[in-house]
file model18.tsv (TSV, C-alpha atoms)
chain	number	residue	atom	x	y	z
A	1	MET	CA	92.58	91.85	77.55
A	2	THR	CA	93.52	94.36	74.89
A	3	ALA	CA	93.85	98.11	75.04
A	4	ILE	CA	90.46	99.83	74.67
A	5	PRO	CA	91.09	101.85	72.61
A	6	GLY	CA	94.70	101.20	71.64
A	7	PHE	CA	97.28	103.94	71.33
A	8	THR	CA	100.53	103.14	69.54
A	9	GLY	CA	103.45	105.09	68.21
A	10	ASP	CA	105.29	108.22	69.20
A	11	ALA	CA	103.58	111.41	70.23
A	12	ASN	CA	104.82	114.63	68.67
A	13	PRO	CA	107.85	116.27	70.31
A	14	TYR	CA	106.87	118.84	72.91
A	15	GLY	CA	106.37	122.14	71.10
A	16	GLY	CA	105.57	124.42	74.00
A	17	GLY	CA	102.38	125.47	75.72
A	18	ASP	CA	100.09	123.06	77.53
A	19	PRO	CA	101.89	119.67	77.51
A	20	TYR	CA	98.54	117.87	77.87
A	21	ALA	CA	97.05	119.52	74.76
A	22	ASP	CA	97.93	116.52	72.57
A	23	TYR	CA	97.64	113.86	75.29
A	24	ARG	CA	95.75	110.78	74.13
A	25	THR	CA	93.16	109.32	76.47
A	26	ALA	CA	89.69	107.78	76.58
A	27	ASP	CA	86.86	106.88	78.95
A	28	PHE	CA	87.53	103.38	80.24
A	29	PRO	CA	84.57	101.37	81.58
A	30	PHE	CA	86.44	99.99	84.59
A	31	THR	CA	87.35	103.30	86.22
A	32	GLN	CA	84.12	103.11	88.25
A	33	TYR	CA	86.01	100.72	90.54
A	34	ALA	CA	88.45	101.74	93.26
A	35	ASN	CA	92.17	102.09	92.55
A	36	LEU	CA	93.72	99.12	94.38
A	37	ALA	CA	97.17	100.65	93.85
A	38	ASP	CA	96.26	103.79	95.80
A	39	ARG	CA	98.97	104.93	98.23
A	40	ARG	CA	96.24	105.82	100.73
A	41	LEU	CA	95.39	102.11	100.93
A	42	GLY	CA	99.04	101.22	101.51
A	43	ALA	CA	100.16	100.39	97.97
A	44	GLY	CA	103.84	100.64	97.11
A	45	VAL	CA	106.38	99.95	94.37
A	46	ILE	CA	108.68	97.68	96.35
A	47	ALA	CA	111.37	96.93	93.75
A	48	ALA	CA	112.50	97.56	90.18
A	49	ASN	CA	115.42	96.22	88.20
A	50	ASP	CA	116.37	99.70	86.95
A	51	GLU	CA	115.33	103.30	87.72
A	52	PHE	CA	118.28	105.19	86.29
A	53	PHE	CA	116.42	108.29	85.06
A	54	ALA	CA	113.33	108.41	87.28
A	55	GLN	CA	112.26	106.66	90.47
A	56	ARG	CA	109.82	103.75	90.53
A	57	GLU	CA	107.77	105.34	93.34
A	58	ASN	CA	106.45	107.96	90.89
A	59	LEU	CA	104.21	105.28	89.37
A	60	LEU	CA	101.71	105.54	92.22
A	61	VAL	CA	101.68	109.30	92.83
A	62	PRO	CA	97.95	110.17	92.95
A	63	GLU	CA	98.21	113.40	90.97
A	64	ARG	CA	98.67	113.40	87.21
A	65	ALA	CA	102.24	113.55	85.91
A	66	GLU	CA	103.74	117.01	85.43
A	67	PHE	CA	106.27	118.12	82.83
A	68	ASP	CA	108.96	120.79	83.17
A	69	PRO	CA	110.97	121.10	79.92
A	70	LYS	CA	113.84	122.86	81.74
A	71	HIS	CA	114.20	120.35	84.58
A	72	PHE	CA	117.49	118.46	84.11
A	73	GLY	CA	119.75	116.71	86.60
A	74	HIS	CA	123.15	115.01	86.62
A	75	LYS	CA	121.73	111.97	84.78
A	76	GLY	CA	119.73	113.89	82.20
A	77	LYS	CA	116.11	114.99	81.79
A	78	ILE	CA	114.14	114.49	85.01
A	79	MET	CA	110.78	112.88	84.31
A	80	ASP	CA	107.76	112.51	86.57
A	81	GLY	CA	107.46	108.74	86.25
A	82	TRP	CA	109.54	105.55	86.25
A	83	GLU	CA	112.21	105.60	83.55
A	84	THR	CA	115.01	103.10	82.90
A	85	ARG	CA	118.22	103.49	80.92
A	86	ARG	CA	118.42	102.50	77.25
A	87	ARG	CA	119.14	98.81	76.76
A	88	ARG	CA	121.93	97.70	74.48
A	89	GLY	CA	122.81	94.46	72.71
A	90	ALA	CA	125.73	92.11	73.29
A	91	SER	CA	128.14	93.55	70.71
A	92	GLY	CA	128.68	96.01	67.90
A	93	GLU	CA	127.48	93.37	65.48
A	94	HIS	CA	124.31	92.92	67.57
A	95	PRO	CA	123.70	96.32	69.24
A	96	TRP	CA	119.96	95.86	69.66
A	97	PRO	CA	118.19	94.40	72.71
A	98	THR	CA	116.86	90.88	72.34
A	99	ALA	CA	113.17	90.10	72.11
A	100	GLU	CA	113.25	88.89	75.73
A	101	ASP	CA	114.94	91.96	77.22
A	102	HIS	CA	112.66	94.00	79.48
A	103	ASP	CA	112.54	96.04	82.67
A	104	TRP	CA	110.21	95.31	85.56
A	105	ALA	CA	108.75	96.78	88.73
A	106	LEU	CA	107.02	94.96	91.60
A	107	VAL	CA	103.88	96.62	92.98
A	108	ARG	CA	102.18	95.73	96.26
A	109	LEU	CA	98.49	96.49	96.02
A	110	GLY	CA	97.12	98.60	98.85
A	111	ALA	CA	94.15	96.25	99.16
A	112	PRO	CA	94.07	92.74	97.68
A	113	GLY	CA	91.24	92.16	95.26
A	114	VAL	CA	89.87	91.24	91.85
A	115	ILE	CA	91.28	93.46	89.10
A	116	ARG	CA	88.87	94.78	86.48
A	117	GLY	CA	91.16	97.09	84.54
A	118	ILE	CA	94.63	98.62	84.39
A	119	VAL	CA	95.85	101.94	83.01
A	120	VAL	CA	99.52	102.25	82.03
A	121	ASP	CA	99.96	105.99	81.56
A	122	THR	CA	102.90	107.24	79.48
A	123	ALA	CA	102.14	110.96	79.89
A	124	HIS	CA	105.07	113.12	78.67
A	125	PHE	CA	107.03	110.07	77.53
A	126	ARG	CA	106.83	110.92	73.84
A	127	GLY	CA	109.84	109.20	72.29
A	128	ASN	CA	111.11	107.35	75.35
A	129	TYR	CA	108.11	105.18	76.27
A	130	PRO	CA	108.26	101.35	76.11
A	131	GLN	CA	107.47	99.62	72.84
A	132	ALA	CA	105.13	97.28	74.70
A	133	VAL	CA	104.00	96.45	78.24
A	134	SER	CA	102.75	93.39	80.06
A	135	VAL	CA	101.36	92.92	83.57
A	136	GLU	CA	101.28	89.82	85.76
A	137	GLY	CA	99.63	89.22	89.13
A	138	THR	CA	100.09	86.91	92.08
A	139	CYS	CA	98.50	86.26	95.46
A	140	VAL	CA	100.99	85.82	98.30
A	141	PRO	CA	99.91	86.10	101.95
A	142	GLY	CA	101.70	88.21	104.51
A	143	SER	CA	104.36	90.75	103.60
A	144	PRO	CA	106.73	89.00	101.17
A	145	SER	CA	110.06	90.57	100.25
A	146	PRO	CA	111.00	91.27	96.63
A	147	GLU	CA	113.33	88.27	96.74
A	148	GLU	CA	110.48	86.03	97.87
A	149	LEU	CA	108.17	87.32	95.15
A	150	LEU	CA	110.81	86.63	92.50
A	151	GLY	CA	111.35	83.07	93.75
A	152	ASP	CA	110.71	80.09	91.50
A	153	ASP	CA	107.85	78.87	93.71
A	154	VAL	CA	105.67	81.96	93.12
A	155	LYS	CA	103.04	81.53	90.39
A	156	TRP	CA	102.35	84.60	88.25
A	157	THR	CA	99.17	84.97	86.19
A	158	THR	CA	99.12	87.08	83.03
A	159	LEU	CA	96.67	89.97	83.36
A	160	VAL	CA	97.82	92.00	80.35
A	161	PRO	CA	99.75	90.09	77.66
A	162	ARG	CA	102.64	91.81	75.91
A	163	THR	CA	100.87	94.61	74.05
A	164	PRO	CA	102.19	97.61	72.06
A	165	VAL	CA	101.46	100.99	73.66
A	166	GLY	CA	101.66	104.61	72.65
A	167	GLY	CA	103.67	107.51	73.95
A	168	HIS	CA	102.04	110.38	75.87
A	169	ALA	CA	98.85	108.35	76.27
A	170	ALA	CA	96.62	106.59	78.78
A	171	ASN	CA	96.85	102.96	77.71
A	172	GLY	CA	93.88	101.09	79.18
A	173	PHE	CA	93.40	97.35	79.48
A	174	SER	CA	90.35	95.40	80.63
A	175	VAL	CA	91.13	92.39	82.81
A	176	ALA	CA	88.87	89.33	82.99
A	177	VAL	CA	90.58	87.09	85.55
A	178	GLU	CA	88.38	86.11	88.50
A	179	GLN	CA	91.15	85.77	91.07
A	180	ARG	CA	92.32	87.67	94.13
A	181	PHE	CA	95.70	89.36	93.70
A	182	THR	CA	98.06	90.98	96.20
A	183	HIS	CA	101.01	91.98	93.97
A	184	LEU	CA	101.70	92.92	90.35
A	185	ARG	CA	104.76	92.68	88.15
A	186	VAL	CA	104.75	95.48	85.56
A	187	ASN	CA	107.02	94.84	82.58
A	188	GLN	CA	108.12	97.31	79.92
A	189	HIS	CA	109.64	95.91	76.74
A	190	PRO	CA	112.49	96.50	76.18
A	191	ASP	CA	112.98	99.72	78.25
A	192	GLY	CA	111.69	103.26	78.59
A	193	GLY	CA	109.36	105.17	80.86
A	194	ILE	CA	105.89	104.94	82.40
A	195	ALA	CA	104.40	107.94	84.19
A	196	ARG	CA	101.58	106.41	86.25
A	197	LEU	CA	99.96	103.07	87.02
A	198	ARG	CA	96.31	102.68	88.03
A	199	VAL	CA	94.81	99.33	89.01
A	200	TYR	CA	91.01	99.32	89.19
A	201	GLY	CA	89.08	96.55	90.91
A	202	GLU	CA	87.08	95.23	93.85
A	203	VAL	CA	88.63	94.76	97.29
A	204	VAL	CA	88.45	91.19	98.62
A	205	PRO	CA	89.35	91.34	102.34
A	206	ASP	CA	90.72	88.51	104.44
A	207	PRO	CA	87.73	87.17	106.40
A	208	ALA	CA	89.98	85.80	109.15
A	209	TRP	CA	91.31	89.31	109.79
A	210	LEU	CA	87.84	90.82	109.96
A	211	GLU	CA	86.72	88.07	112.33
A	212	VAL	CA	89.58	88.88	114.70
A	213	LEU	CA	88.74	92.59	114.57
A	214	GLY	CA	85.17	91.89	115.64
A	215	THR	CA	83.77	95.42	115.37
A	216	PHE	CA	85.10	97.39	112.39
A	217	ASP	CA	84.04	99.85	109.69
A	218	VAL	CA	81.84	97.69	107.46
A	219	VAL	CA	81.70	100.24	104.62
A	220	ALA	CA	85.44	101.05	104.51
A	221	LEU	CA	87.11	100.45	101.16
A	222	GLU	CA	89.97	98.50	102.74
A	223	ASN	CA	87.43	96.13	104.35
A	224	GLY	CA	85.57	95.44	101.12
A	225	GLY	CA	83.00	98.23	101.05
A	226	GLN	CA	82.36	99.99	97.75
A	227	VAL	CA	80.47	102.87	96.21
A	228	GLU	CA	77.74	101.69	93.85
A	229	ASP	CA	76.41	105.04	92.65
A	230	ALA	CA	76.21	108.73	93.48
A	231	SER	CA	74.07	111.65	92.38
A	232	ASN	CA	76.94	113.97	91.52
A	233	LEU	CA	80.73	113.66	91.12
A	234	PHE	CA	81.51	117.16	89.91
A	235	TYR	CA	84.43	118.02	92.19
A	236	SER	CA	85.63	114.68	93.60
A	237	PRO	CA	84.91	110.95	93.59
A	238	ALA	CA	82.46	109.47	96.08
A	239	THR	CA	84.99	106.69	96.83
A	240	ASN	CA	86.96	109.28	98.84
A	241	THR	CA	84.34	108.97	101.59
A	242	ILE	CA	85.41	105.39	102.41
A	243	GLN	CA	89.19	105.84	102.10
A	244	PRO	CA	91.40	105.14	105.16
A	245	GLY	CA	92.09	107.84	107.70
A	246	ARG	CA	90.71	111.34	108.01
A	247	SER	CA	90.71	113.73	105.10
A	248	ARG	CA	93.78	115.97	104.98
A	249	LYS	CA	92.55	118.57	102.49
A	250	MET	CA	89.33	119.75	100.88
A	251	ASP	CA	89.51	117.61	97.73
A	252	ASP	CA	90.13	114.44	99.77
A	253	GLY	CA	86.38	114.09	100.35
A	254	TRP	CA	83.22	114.21	98.24
A	255	GLU	CA	81.86	117.56	97.07
A	256	THR	CA	79.01	118.20	94.64
A	257	ARG	CA	78.28	121.19	92.45
A	258	ARG	CA	75.97	123.90	93.80
A	259	ARG	CA	72.31	123.01	93.31
A	260	ARG	CA	69.86	125.54	91.97
A	261	ASP	CA	66.78	123.34	92.41
A	262	ARG	CA	64.88	121.72	95.29
A	263	GLY	CA	66.69	118.38	95.07
A	264	HIS	CA	69.49	116.86	97.15
A	265	ASP	CA	72.58	114.68	96.65
A	266	TRP	CA	73.38	111.12	97.78
A	267	ILE	CA	75.80	108.20	97.67
A	268	ARG	CA	74.81	104.51	97.69
A	269	TYR	CA	77.22	101.91	99.10
A	270	ARG	CA	77.57	98.14	99.26
A	271	LEU	CA	78.90	96.93	102.61
A	272	ALA	CA	81.67	94.35	102.99
A	273	ALA	CA	78.93	91.76	103.62
A	274	GLN	CA	75.73	91.54	105.63
A	275	SER	CA	76.50	93.35	108.88
A	276	ARG	CA	75.07	94.45	112.22
A	277	ILE	CA	75.59	98.22	112.44
A	278	ARG	CA	75.87	99.83	115.88
A	279	ALA	CA	77.33	103.30	115.33
A	280	LEU	CA	78.30	105.71	112.58
A	281	GLU	CA	80.40	108.78	111.83
A	282	ILE	CA	79.93	111.54	109.29
A	283	ASP	CA	83.04	113.67	108.94
A	284	THR	CA	83.16	117.06	107.19
A	285	ALA	CA	86.90	117.64	107.72
A	286	TYR	CA	88.28	120.54	105.62
A	287	LEU	CA	84.83	121.27	104.19
A	288	LYS	CA	84.12	124.66	105.73
A	289	GLY	CA	82.04	126.89	103.48
A	290	ASN	CA	80.92	123.96	101.36
A	291	SER	CA	79.97	121.17	103.78
A	292	ALA	CA	76.52	119.60	103.55
A	293	GLY	CA	73.93	121.39	105.65
A	294	TRP	CA	72.11	118.26	106.80
A	295	ALA	CA	72.52	114.52	106.28
A	296	SER	CA	70.59	111.30	106.83
A	297	VAL	CA	71.73	107.67	106.60
A	298	SER	CA	69.62	104.68	105.54
A	299	VAL	CA	70.32	100.94	105.34
A	300	ARG	CA	68.68	98.08	103.47
A	301	ASP	CA	69.13	94.32	103.73
A	302	GLY	CA	69.48	92.65	100.31
A	303	GLU	CA	69.23	94.00	96.77
A	304	ASP	CA	65.45	94.28	96.99
A	305	GLY	CA	65.16	95.24	100.65
A	306	GLU	CA	63.34	98.34	101.83
A	307	TRP	CA	65.41	101.34	102.85
A	308	ARG	CA	65.31	101.96	106.61
A	309	GLU	CA	66.44	105.29	108.01
A	310	ILE	CA	68.94	104.79	110.85
A	311	LEU	CA	69.94	108.46	111.19
A	312	PRO	CA	67.18	111.01	110.55
A	313	ARG	CA	68.01	114.27	108.80
A	314	THR	CA	70.57	115.87	111.11
A	315	ARG	CA	72.32	119.26	111.05
A	316	LEU	CA	76.02	119.03	110.20
A	317	GLN	CA	78.76	121.41	111.28
A	318	PRO	CA	81.62	122.41	108.97
A	319	ASP	CA	85.03	120.77	109.46
A	320	THR	CA	83.67	118.46	112.18
A	321	ASN	CA	83.51	114.73	112.88
A	322	HIS	CA	79.96	113.80	113.94
A	323	ARG	CA	79.47	110.57	115.93
A	324	PHE	CA	76.20	108.74	116.51
A	325	VAL	CA	75.48	105.61	118.58
A	326	LEU	CA	72.39	103.84	117.25
A	327	PRO	CA	69.62	103.05	119.75
A	328	ALA	CA	69.41	99.51	118.35
A	329	THR	CA	71.54	97.30	116.10
A	330	VAL	CA	70.52	97.40	112.42
A	331	VAL	CA	71.21	94.58	109.93
A	332	GLY	CA	71.99	95.48	106.32
A	333	THR	CA	73.98	94.87	103.17
A	334	HIS	CA	73.72	98.36	101.63
A	335	ALA	CA	73.79	101.91	102.91
A	336	ARG	CA	72.93	105.35	101.58
A	337	VAL	CA	73.88	108.79	102.79
A	338	ASP	CA	71.70	111.70	101.67
A	339	ILE	CA	72.95	115.27	102.02
A	340	PHE	CA	70.77	118.39	101.92
A	341	PRO	CA	70.77	120.33	99.78
A	342	ASP	CA	74.28	119.89	98.34
A	343	GLY	CA	77.94	120.34	99.36
A	344	GLY	CA	79.97	117.49	100.69
A	345	ILE	CA	81.24	115.16	103.37
A	346	SER	CA	84.75	113.83	103.73
A	347	ARG	CA	84.13	110.42	105.33
A	348	LEU	CA	81.33	108.02	106.25
A	349	ARG	CA	82.03	105.27	108.82
A	350	LEU	CA	79.61	102.49	109.73
A	351	PHE	CA	80.81	100.49	112.72
A	352	GLY	CA	79.56	96.98	113.29
A	353	SER	CA	80.31	93.30	112.75
A	354	LEU	CA	79.43	90.65	110.19
A	355	THR	CA	76.39	88.48	110.66
A	356	GLU	CA	76.88	84.70	110.48
A	357	ASP	CA	75.50	84.70	106.93
A	358	GLY	CA	77.70	87.64	105.96
A	359	ALA	CA	80.84	85.99	107.35
A	360	ARG	CA	79.99	82.71	105.58
A	361	ARG	CA	79.46	84.39	102.20
A	362	LEU	CA	82.62	86.46	102.55
A	363	ALA	CA	84.72	83.40	103.43
A	364	ALA	CA	83.26	81.45	100.49
A	365	ARG	CA	84.12	84.23	98.01
A	366	HIS	CA	87.60	84.60	99.45
A	367	GLN	CA	88.23	80.88	98.98
A	368	GLU	CA	86.67	80.83	95.51
A	369	LEU	CA	89.01	83.62	94.37
A	370	GLY	CA	92.10	81.81	95.63
A	371	GLY	CA	92.68	83.91	98.72

call {"tool": "encode", "arguments": {"input": "model18.tsv", "output": "structure tokens"}}
result
Amino acid sequence: MTAIPGFTGDANPYGGGDPYADYRTADFPFTQYANLADRRLGAGVIAANDEFFAQRENLLVPERAEFDPKHFGHKGKIMDGWETRRRRGASGEHPWPTAEDHDWALVRLGAPGVIRGIVVDTAHFRGNYPQAVSVEGTCVPGSPSPEELLGDDVKWTTLVPRTPVGGHAANGFSVAVEQRFTHLRVNQHPDGGIARLRVYGEVVPDPAWLEVLGTFDVVALENGGQVEDASNLFYSPATNTIQPGRSRKMDDGWETRRRRDRGHDWIRYRLAAQSRIRALEIDTAYLKGNSAGWASVSVRDGEDGEWREILPRTRLQPDTNHRFVLPATVVGTHARVDIFPDGGISRLRLFGSLTEDGARRLAARHQELGG
């Protein structure tokens, strides 16, 4: 649970030109997982003890932080992140903050789950970033208020211990706590600014909720589906195809680079659990001159099961939601969409219900993780 790699210390003052030219970052192994703090899943920053210079909500903005050196307001420099005022000590003899002084923000995850890694991004906070950060998690059912989350009866688990961070850097932390979490408490010691927060992990849905729904999208991210692999991620992540709602713009789907060979592109998914699939949708919303020409969908049951085609290669129309009712129910744990020859789709939906074995396994994992 340490930064990998670790960035510490100030960045150089902004000297003009591209503000990201001296930004410090790295490839983190956990970014293959979905961002559980994605606003599209319903995540939110529900409270903070201080947001004097910049609002807490900026933490979860999906786009990277921007910097305008001339943008000032009545309180000072306006930053694209969450920034608190400078802390002071008790007196002139002791003007410095104490070792315990810190600022905090409460984050509701968009989808509860197991956290594999966290990125605390201090982009553009060069001399006004926190000296250190720490992150705690808890699992509270329902929709608790900030006051309830801060109550003495709520147990918080340390996910990232107090760790020095660097300015103008992506500070990454691996997390190895096999528990289900619904909320985070992000602490910056003693004060300062954080541009963005990303929380990567695996969704662990509530099996009681899925049981009540009956028929639902068994590959949807919010229901516990996940992308295992994809042939090409040149323009956008494959996880976009299982996000909630319809795509609202071209880059809110999955698009591959143009092929110059005789191959094709694909995405492989793991379903929420073993399911009976009855219908499916392939949406190409906002993909007009770059949608896939044809697509097929296959399902397999188990890690070593044989792939079974449930939708043969079918012509797709641009910017269109295609719906298919299957002639017979198909049981599976994994799915694959193949597109020909390249291009993209915006969403894949697989409608069905859990099998008895799937429901049992999902309930057991939910209980094991403290859900």

call {"tool": "residues_around", "arguments": {"input": "model18.tsv", "residues": "range 178-188 of chain A", "least_positions_apart": "6", "cutoff": "9 Å", "atoms": "all atoms listed in the file", "output": "ChimeraX atom specification"}}
result
/A:102-116,129-141,149,156,162,194,203-204,366,368-371

call {"tool": "closest_residue", "arguments": {"input": "model18.tsv", "among": "A:Ser346, A:Asn321, A:Thr314, A:Asn171", "to": "Ser236 in chain A", "atoms": "only C-alpha atoms"}}
result
A:Ser346

call {"tool": "residues_near_point", "arguments": {"input": "model18.tsv", "point": "(109.5, 103.6, 84.9)", "cutoff": "9 Å", "atoms": "all atoms listed in the file", "output": "number ranges by chain"}}
result
A: 48, 50-51, 53-59, 81-84, 103-105, 129, 188, 191-196

call {"tool": "closest_residue", "arguments": {"input": "model18.tsv", "among": "A:Leu41, A:Phe125, A:Thr239, A:Asn290", "to": "Met79 in chain A", "atoms": "all atoms listed in the file"}}
result
A:Phe125

call {"tool": "residues_around", "arguments": {"input": "model18.tsv", "residues": "Thr333 in chain A", "least_positions_apart": "6", "cutoff": "7 Å", "atoms": "all atoms listed in the file", "output": "list in words"}}
result
Arg270, Leu271, Ala273, Gln274, Ser275, Arg300, Asp301 and Gly302 of chain A

call {"tool": "atom_distance", "arguments": {"input": "model18.tsv", "atom1": "CA of Gly44 in chain A", "atom2": "CA of Ile118 in chain A"}}
result
15.8 Å

call {"tool": "residues_around", "arguments": {"input": "model18.tsv", "residues": "range 7-14 of chain A", "least_positions_apart": "3", "cutoff": "7 Å", "atoms": "all atoms listed in the file", "output": "list of chain:residue names"}}
result
A:Pro19, A:Arg126, A:Gly127, A:Pro164, A:Val165, A:Gly166, A:Gly167, A:His168, A:Ala169, A:Asn171

call {"tool": "atom_distance", "arguments": {"input": "model18.tsv", "atom1": "CA of Leu287 in chain A", "atom2": "CA of Val227 in chain A"}}
result
20.5 Å

call {"tool": "atom_distance", "arguments": {"input": "model18.tsv", "atom1": "CA of Asp342 in chain A", "atom2": "CA of Ser247 in chain A"}}
result
18.8 Å

call {"tool": "closest_residue", "arguments": {"input": "model18.tsv", "among": "A:Leu354, A:Ala364, A:Ile310, A:Leu150", "to": "Val218 in chain A", "atoms": "all atoms listed in the file"}}
result
A:Leu354

call {"tool": "closest_residue", "arguments": {"input": "model18.tsv", "among": "A:Val299, A:Met250, A:Val45, A:Leu316", "to": "Ile277 in chain A", "atoms": "all atoms listed in the file"}}
result
A:Val299
